[in-house]
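I have placed the structure first, in the form of structure tokens, so that the comments after it can refer back to it.
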Amino acid sequence: MGEELKVIVFALADEQYGIEVDKVRTIERMMPITRVPKTPAFVKGVINLRGVVIPVIDLRGRFGLPETEPTETSRIIIVQVGDLEVGFIVDAANDVIDIDSDRIDSPPEVVGGIKAKYLRGVAKMDDNRLLIMLNLVEVLNKDEIIQLEQFEG
């Protein structure tokens, strides 16, 4: 048995993804997003969350998936990577589950159209579903983090 990981499960384009709970600050309903000029298309802008300005990324756009309009179930997952807080727009945030780290296999080259560098691995669930574990450091790779940090303040 490996270590138990607590993971937040969220949906994106009919796939289930996971982020470790200790990287997630909060999950919010959709709220007004202020557009910021001269940013990549997947950077939707910034939100003011209890007095803190947080950049928001549409994960569909980040992964090259077709973007859709937000729905009732859409959420913004606020994650923290180092000193940086970023919001991810997802289709739905469903659950918190425990995963044995031994059940996480290294990712194939592409899963659901997403390049392996964005993935930490794929976890096999009890009900034969696969849960795609994100590598947040790559999702927010250095060059993009530098761009995002310019918005904070």
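Chain identifiers are assigned as A, B, and so on, following the order in which chains appear in the structure tokens; residues are numbered from 1 within each chain, and ligands are numbered from 1 in order of appearance.
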Residue neighbourhood A:Leu134, 12 Å, only C-alpha atoms, exclusion window fewer than 3 positions, as an MDAnalysis selection string: chainID A and resid 7:10 16:21 23 59 63 79 88 104 106:107 111 114:123 131 137:140
Long-range neighbours of A:Thr26 as a PyMOL selection string, 9 Å cut-off, only C-alpha atoms, 2 positions minimum in chain: chain A and resi 24+28+76-79
Which of chain A fall in strand (DSSP E), as a PyMOL selection string: chain A and resi 4-12+15-20+24-29+43-49+52-58+75-81+84-90+92-100+104-105+110-111+114-115+119-124+130-134
Contact residues around A:Glu85 with only C-alpha atoms at 9 Å, ignoring same-chain residues under 5 positions, as a PyMOL selection string: chain A and resi 25+54-55+78-80+152
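Using only C-alpha atoms, the shortest contact distance between A:Pro66 and any of A:Val86, A:Leu12, A:Met125, A:Leu136 is found at A:Leu12.
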Residue contacts of A:Gly2 (7 Å, only C-alpha atoms) excluding same-chain residues fewer than 6 positions away, as a compact mmCIF listing (two decimals) with C-alpha atoms, in the first residue's frame:
```
# COMPACT_ATOMS: atom_id res chain seq x y z
CA ASP A 100 -3.83 4.91 -2.85
CA SER A 101 -0.73 6.38 -4.52
CA ASP A 102 0.16 2.85 -5.74
```
Length of the atom CA of A:Asn48 to atom CA of A:Pro32 vector [Å]: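 A separation of 8.7 Å between them.
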Surrounding residues of A:Val56 excluding itself and chain neighbours under 2 positions, 6 Å, only C-alpha atoms, as a PyMOL selection string: chain A and resi 43-46+86-88
Selection export as a PDB file, in the first residue's frame, atoms kept: N, CA and C atoms:
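And here's part.pdb as it stands now:
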```
ATOM      1  N   VAL A  43      -6.479  32.262 -20.735  1.00  0.00           N
ATOM      2  CA  VAL A  43      -6.507  33.070 -19.512  1.00  0.00           C
ATOM      3  C   VAL A  43      -7.730  33.978 -19.636  1.00  0.00           C
ATOM      4  N   LYS A  44      -8.758  33.671 -18.864  1.00  0.00           N
ATOM      5  CA  LYS A  44     -10.037  34.366 -19.013  1.00  0.00           C
ATOM      6  C   LYS A  44     -10.035  35.729 -18.354  1.00  0.00           C
ATOM      7  N   GLY A  45      -9.091  35.967 -17.439  1.00  0.00           N
ATOM      8  CA  GLY A  45      -9.026  37.254 -16.768  1.00  0.00           C
ATOM      9  C   GLY A  45      -8.742  37.062 -15.298  1.00  0.00           C
ATOM     10  N   VAL A  46      -9.291  37.958 -14.475  1.00  0.00           N
ATOM     11  CA  VAL A  46      -9.061  37.888 -13.031  1.00  0.00           C
ATOM     12  C   VAL A  46     -10.402  38.007 -12.305  1.00  0.00           C
ATOM     13  N   VAL A  86      -4.277  30.522  -8.441  1.00  0.00           N
ATOM     14  CA  VAL A  86      -4.900  30.597  -9.764  1.00  0.00           C
ATOM     15  C   VAL A  86      -6.239  29.887  -9.695  1.00  0.00           C
ATOM     16  N   GLY A  87      -7.213  30.405 -10.442  1.00  0.00           N
ATOM     17  CA  GLY A  87      -8.503  29.738 -10.559  1.00  0.00           C
ATOM     18  C   GLY A  87      -8.571  28.957 -11.858  1.00  0.00           C
ATOM     19  N   PHE A  88      -9.085  27.724 -11.786  1.00  0.00           N
ATOM     20  CA  PHE A  88      -9.316  26.894 -12.978  1.00  0.00           C
ATOM     21  C   PHE A  88     -10.815  26.791 -13.194  1.00  0.00           C
TER      22      PHE A  88
END
```
Filtered DSSP result for chain A, state alpha helix (DSSP H), as a ChimeraX atom specification: /A:59-62,136-139,142-149
Atom-to-atom span, atom CA of A:Arg129 and atom CA of A:Glu15, Å: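 Those two atoms sit 9.6 Å apart.
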Atom CA of A:Ala13 to atom CA of A:Gly82, distance in Å rounded to a single decimal: 27.7 Å
